Every structure is written in C-alpha cells, then in structure tokens.
Amino acid sequence: MNRRLTAATTPAAGRRHPRHGERISLRLWGVRGSLPTPGPATVRYGGDTICFELIVGGNRVVVDCGSGGRALGRALMAEGPLDFDILFTHSHLDHVCGLPFFKPAYHGGSHVRLWAGHLKDANAHREAIERLMSPPLFPVKPTALTGCRFRQFHAGETIVLPCGLAVDTIALNHPGGSTGYRFSHDGAVVCVITDHEHGVPEIDAAVTDFVRGADVMLYDAAYTDADYGHYRGWGHSTWEEGISLATRAGVRLPVMIHHDIYRTDEALDEIQAAAQRLMPGVVAGFDGMLIKI
Ligand SMILES: [Zn+2]
Ligand SMILES: [Zn+2]
C-alpha cells in the first residue's frame, strides 16, 4: 500500500482535486482559535479562525466555517456548480463567523449542506445561525443563504454524506459540546479533534480509540502545559497532550491547530521546535498548509 504523506507550504490556490493516487488531500484555511488575529505577529501561521477543506476520494468536505471560510468560498466560486458538505464541530463564533461571508452559501445554484451533531434539537443549528444573522448583529437575513440546507445528527453516529462518503464522529469535551471527525478512504485516515479538553478518563480513552492509526490528526493545541493551569475548564488542550495522544494511538502526523490568540509566529516556532524534540515530524498548522496522503 502506498503510505506516502507529504506536507507542503504551497499557497492556497490552484488545483482543487487530487491527482491520481492521492486518497485524501487536506488544506488548512484557518488555524487560529477564538478570534481572528491579523497583524505582523501572525503573518506566517495566519490569523484566520478554523476552516479546513478535505478532498476525500474526490469528494469535497469542509470542516467549520470560521473566518478562514471567506477565502475558501471565494476560491470555490471559480469552480462552477458547487455540491458539498460543511461539517461543523460546534457553533462557537470562531467556527461559524465565516458563514455569512461564504459566497457559495448565497448562490442559488449551490448545494451546500450544513451538518452539526452537538445540539439536541433538529433545528438548533439553523436557529443558531439565524440568531447570528439577525438585526442588530448582522444586516443580511439568513433567508439569503439560498444555497444551504441544514442537516442534523448526534455526535457518535457515523454519518453518510450524499456523495456516499461515511464519516465517523465522536462527542468531545467542550463547553456546549463539540464533535470530532474521522475521514477514511482506501486506507488513508484524517482525524479532526478540535475544541476539546483532555482530562476526563472515559472521554480520553474514547478519543484515543477514535484516532487510532490515523495518518493525520488535527489537534486542539491552544495551550501549553505551562499555561494550562490558567485555562483549566475552558475546553481546550495542550500540544503536549496532543503528542501524548498521538503516541499512544499510533498517529503518524499530529498537526497542532486552534492556536491561542496571543501566540505569535515566534512563539509557535518555539512550540513546534519543542514538540519536534519529543516527536519528530509534528508540525504547527498554518493558513494555506496542504497535506496529501
Ligand atoms: Zn474554537
Ligand atoms: Zn469552542
């Protein structure tokens, strides 16, 4: 089996579909947590909040639509008819704030399905977006999202997208809930574990099983062990816990994401260097990062 895996630094543009032989490609459009952080201190890793694009066996799936979704949406509009799914981890602002600026959502010819699994009621995700896009918070009404349809599931279920792709899900430890995702195709596996706090033994064990053997794991590394004490209970994890999880679960490439809003490029360089001393190859995710399996 081809186990090739490459992480490239190419800018976010160009070819949209994988070459023959690529099983999953993953592009990071936003890796910052909590709030967009533009400015000279975040130029290299980026300041946009969470948005990832996967091409899984030729099918596009997007995870979250934070402020990184703005650039993704513009890139997608160049492709013509759009039919894909956005799987939301949860409804916090840093994961949904790009949706009102996501051009395909307003395009009547689009078929964009918005999935969420962290809420109890079938309509709760739609209602959350309606509150976000309501006066006096936002001038455009949610009825303008003519390209979108809302879909609901319960975290822990395996969902089957209209393209036929089955995606495993898991409930994570986060205020209000969050959903982790596991994408598989032809032996390649990518997991997204964000907005998750370690430390609950039964959840930690379930997450370990969930990501076992993954080629790539995007992991909530908002904090470090040194500063975690100030943020216990806030619903996020540390890069050290990410490496520990990757080691015991046999994950090949942990990618640290959901960077803290005060983490500068230099600070992330230092964290990545420290992490690589424990696990060579681990990387801090950055806007535009492209990973192919
Ligand atoms: Zn977040
Ligand atoms: Zn959150």
# chains A, B, ... in the order shown; residues from 1 in each chain; ligands from 1
$ select_by_dssp --residues "region 151-226 of chain A" --states "strand (DSSP E or B)" --output "MDAnalysis selection string"
chainID A and resid 151:152 155 157:160 166:172 178:185 188:193 216:220 223
$ write_last_selection --atoms "C-alpha atoms" --output "mmCIF file, in the first residue's frame"
data_model
loop_
_atom_site.group_PDB
_atom_site.id
_atom_site.type_symbol
_atom_site.label_atom_id
_atom_site.label_comp_id
_atom_site.auth_asym_id
_atom_site.auth_seq_id
_atom_site.Cartn_x
_atom_site.Cartn_y
_atom_site.Cartn_z
ATOM 1 C CA ARG A 151 -28.615 18.649 8.437
ATOM 2 C CA GLN A 152 -28.582 17.241 11.963
ATOM 3 C CA ALA A 155 -22.170 13.072 17.774
ATOM 4 C CA GLU A 157 -23.019 8.370 14.923
ATOM 5 C CA THR A 158 -21.470 7.512 11.582
ATOM 6 C CA ILE A 159 -22.977 9.855 9.032
ATOM 7 C CA VAL A 160 -23.217 9.084 5.325
ATOM 8 C CA ALA A 166 -19.203 7.627 5.516
ATOM 9 C CA VAL A 167 -17.718 9.816 8.267
ATOM 10 C CA ASP A 168 -17.237 8.647 11.866
ATOM 11 C CA THR A 169 -17.962 11.187 14.606
ATOM 12 C CA ILE A 170 -17.321 11.487 18.340
ATOM 13 C CA ALA A 171 -18.540 13.772 21.128
ATOM 14 C CA LEU A 172 -15.649 15.804 22.574
ATOM 15 C CA SER A 178 -18.063 19.719 20.114
ATOM 16 C CA THR A 179 -17.802 16.960 17.520
ATOM 17 C CA GLY A 180 -14.648 15.203 16.304
ATOM 18 C CA TYR A 181 -14.469 13.692 12.804
ATOM 19 C CA ARG A 182 -12.642 10.746 11.257
ATOM 20 C CA PHE A 183 -12.359 10.630 7.456
ATOM 21 C CA SER A 184 -11.216 7.420 5.776
ATOM 22 C CA HIS A 185 -10.619 6.486 2.184
ATOM 23 C CA ALA A 188 -5.900 6.776 4.442
ATOM 24 C CA VAL A 189 -7.265 8.391 7.617
ATOM 25 C CA VAL A 190 -7.522 12.042 8.708
ATOM 26 C CA CYS A 191 -8.978 12.984 12.111
ATOM 27 C CA VAL A 192 -10.080 16.405 13.322
ATOM 28 C CA ILE A 193 -10.098 16.831 17.101
ATOM 29 C CA VAL A 216 -3.004 12.881 10.169
ATOM 30 C CA MET A 217 -4.635 14.269 13.303
ATOM 31 C CA LEU A 218 -5.501 17.948 13.600
ATOM 32 C CA TYR A 219 -5.444 18.603 17.350
ATOM 33 C CA ASP A 220 -6.540 21.449 19.606
ATOM 34 C CA TYR A 223 -2.273 25.898 25.325
#
$ closest_atom_pairs --of "chain A" --to "ligand 1" --cutoff "10 Å" --atoms "only C-alpha atoms and all ligand atoms" --output "tab-separated table"
residue	atom	partner	partner_atom_place_in_ligand_line	distance
A:Val31	CA	ligand 1	1 (Zn)	9.6
A:Arg32	CA	ligand 1	1 (Zn)	8.1
A:Gly33	CA	ligand 1	1 (Zn)	4.8
A:Ser34	CA	ligand 1	1 (Zn)	5.0
A:Leu35	CA	ligand 1	1 (Zn)	8.4
A:Thr49	CA	ligand 1	1 (Zn)	7.9
A:Ile50	CA	ligand 1	1 (Zn)	7.2
A:Asp64	CA	ligand 1	1 (Zn)	9.8
A:Gly66	CA	ligand 1	1 (Zn)	8.9
A:Thr89	CA	ligand 1	1 (Zn)	8.9
A:His90	CA	ligand 1	1 (Zn)	8.3
A:Ser91	CA	ligand 1	1 (Zn)	8.9
A:His92	CA	ligand 1	1 (Zn)	6.3
A:Leu93	CA	ligand 1	1 (Zn)	7.5
A:Asp94	CA	ligand 1	1 (Zn)	5.3
A:His95	CA	ligand 1	1 (Zn)	6.1
A:Val96	CA	ligand 1	1 (Zn)	9.6
A:His174	CA	ligand 1	1 (Zn)	9.4
A:Ser178	CA	ligand 1	1 (Zn)	9.3
A:Thr194	CA	ligand 1	1 (Zn)	7.2
A:Asp195	CA	ligand 1	1 (Zn)	5.3
A:His196	CA	ligand 1	1 (Zn)	9.0
A:Asp220	CA	ligand 1	1 (Zn)	8.6
A:Ala222	CA	ligand 1	1 (Zn)	9.1
A:Gly235	CA	ligand 1	1 (Zn)	8.8
A:His236	CA	ligand 1	1 (Zn)	8.3
A:Ile257	CA	ligand 1	1 (Zn)	9.9
A:His258	CA	ligand 1	1 (Zn)	6.5
A:His259	CA	ligand 1	1 (Zn)	9.3
A:Asp260	CA	ligand 1	1 (Zn)	9.6
$ atom_distance --atom1 "CA of Val282 (chain A)" --atom2 "CA of Gly250 (chain A)"
12.9 Å
$ residues_around --residues "Ala275 (chain A)" --least-positions-apart "2" --cutoff "10 Å" --atoms "only C-alpha atoms" --output "PyMOL selection string"
chain A and resi 239-240+242-243+256+269-273+277-284
$ atom_distance --atom1 "CA of Ala221 (chain A)" --atom2 "CA of Gly176 (chain A)"
18.9 Å
$ closest_residue --among "A:His230, A:His118, A:Glu241, A:Glu130" --to "ligand 2" --atoms "only C-alpha atoms and all ligand atoms"
A:His118
$ residues_around --residues "Cys163 (chain A)" --least-positions-apart "6" --cutoff "12 Å" --atoms "only C-alpha atoms" --output "list in words"
Ile55, Val56, Gly57, Gly58, Asn59, Arg60, Val61, Asp83, Phe84, Asp85, His111 and Arg113 of chain A
$ write_last_selection --atoms "C-alpha atoms" --output "PDB file, in the first residue's frame"
ATOM      1  CA  ILE A  55     -10.879  16.129  -0.754  1.00  0.00           C
ATOM      2  CA  VAL A  56     -11.673  12.551   0.233  1.00  0.00           C
ATOM      3  CA  GLY A  57     -11.682  10.133  -2.661  1.00  0.00           C
ATOM      4  CA  GLY A  58     -12.513  13.037  -4.963  1.00  0.00           C
ATOM      5  CA  ASN A  59     -15.328  14.382  -2.758  1.00  0.00           C
ATOM      6  CA  ARG A  60     -15.076  17.794  -1.115  1.00  0.00           C
ATOM      7  CA  VAL A  61     -15.867  18.101   2.594  1.00  0.00           C
ATOM      8  CA  ASP A  83     -22.189  20.486  -4.239  1.00  0.00           C
ATOM      9  CA  PHE A  84     -20.503  19.672  -0.952  1.00  0.00           C
ATOM     10  CA  ASP A  85     -20.924  19.363   2.804  1.00  0.00           C
ATOM     11  CA  HIS A 111     -25.920  22.649  -2.805  1.00  0.00           C
ATOM     12  CA  ARG A 113     -25.282  21.061   3.373  1.00  0.00           C
TER      13      ARG A 113
END
$ select_by_dssp --residues "region 30-189 of chain A" --states "helix (DSSP H, G or I)" --output "PyMOL selection string"
chain A and resi 40-42+69-77+93-96+99-101+103-106+124-132+142-144
$ write_last_selection --atoms "C-alpha atoms" --output "PDB file, in the first residue's frame"
ATOM      1  CA  PRO A  40       2.532  41.467  11.792  1.00  0.00           C
ATOM      2  CA  ALA A  41       2.942  38.961  14.650  1.00  0.00           C
ATOM      3  CA  THR A  42       0.815  36.289  12.932  1.00  0.00           C
ATOM      4  CA  GLY A  69     -14.066  30.294   5.132  1.00  0.00           C
ATOM      5  CA  ARG A  70     -14.084  33.692   3.450  1.00  0.00           C
ATOM      6  CA  ALA A  71     -11.054  32.895   1.291  1.00  0.00           C
ATOM      7  CA  LEU A  72     -12.193  29.307   0.709  1.00  0.00           C
ATOM      8  CA  GLY A  73     -15.571  30.499  -0.517  1.00  0.00           C
ATOM      9  CA  ARG A  74     -14.021  32.888  -2.975  1.00  0.00           C
ATOM     10  CA  ALA A  75     -11.734  30.167  -4.322  1.00  0.00           C
ATOM     11  CA  LEU A  76     -14.658  27.756  -4.713  1.00  0.00           C
ATOM     12  CA  MET A  77     -16.767  30.238  -6.678  1.00  0.00           C
ATOM     13  CA  LEU A  93     -18.226  32.095  16.775  1.00  0.00           C
ATOM     14  CA  ASP A  94     -14.692  31.179  15.723  1.00  0.00           C
ATOM     15  CA  HIS A  95     -16.164  28.181  13.851  1.00  0.00           C
ATOM     16  CA  VAL A  96     -19.199  29.837  12.213  1.00  0.00           C
ATOM     17  CA  LEU A  99     -20.511  31.547   7.014  1.00  0.00           C
ATOM     18  CA  PRO A 100     -22.152  34.976   6.491  1.00  0.00           C
ATOM     19  CA  PHE A 101     -19.176  35.798   4.235  1.00  0.00           C
ATOM     20  CA  LYS A 103     -20.013  33.235  -1.147  1.00  0.00           C
ATOM     21  CA  PRO A 104     -21.277  29.759  -2.181  1.00  0.00           C
ATOM     22  CA  ALA A 105     -23.848  29.925   0.627  1.00  0.00           C
ATOM     23  CA  TYR A 106     -25.668  32.731  -1.177  1.00  0.00           C
ATOM     24  CA  ALA A 124     -30.992  24.126  16.840  1.00  0.00           C
ATOM     25  CA  HIS A 125     -28.075  24.661  14.467  1.00  0.00           C
ATOM     26  CA  ARG A 126     -30.258  26.525  11.967  1.00  0.00           C
ATOM     27  CA  GLU A 127     -31.643  28.652  14.789  1.00  0.00           C
ATOM     28  CA  ALA A 128     -28.122  29.469  15.986  1.00  0.00           C
ATOM     29  CA  ILE A 129     -27.133  30.690  12.517  1.00  0.00           C
ATOM     30  CA  GLU A 130     -30.403  32.651  12.312  1.00  0.00           C
ATOM     31  CA  ARG A 131     -29.505  34.402  15.568  1.00  0.00           C
ATOM     32  CA  LEU A 132     -26.036  35.178  14.212  1.00  0.00           C
ATOM     33  CA  PRO A 142     -30.451  34.052   6.859  1.00  0.00           C
ATOM     34  CA  THR A 143     -33.103  33.532   4.163  1.00  0.00           C
ATOM     35  CA  ALA A 144     -30.430  34.835   1.778  1.00  0.00           C
TER      36      ALA A 144
END
$ atom_distance --atom1 "CA of Ile86 (chain A)" --atom2 "CA of Gly117 (chain A)"
11.9 Å
$ closest_residue --among "A:Ser67, A:Asn173, A:Gln276, A:Thr264" --to "ligand 2" --atoms "only C-alpha atoms and all ligand atoms"
A:Asn173
$ closest_residue --among "A:Glu197, A:Ile24, A:Val207, A:Phe286" --to "ligand 2" --atoms "only C-alpha atoms and all ligand atoms"
A:Glu197
$ closest_residue --among "A:Pro81, A:Gly98, A:Gly187, A:Pro36" --to "Cys51 (chain A)" --atoms "only C-alpha atoms"
A:Gly98
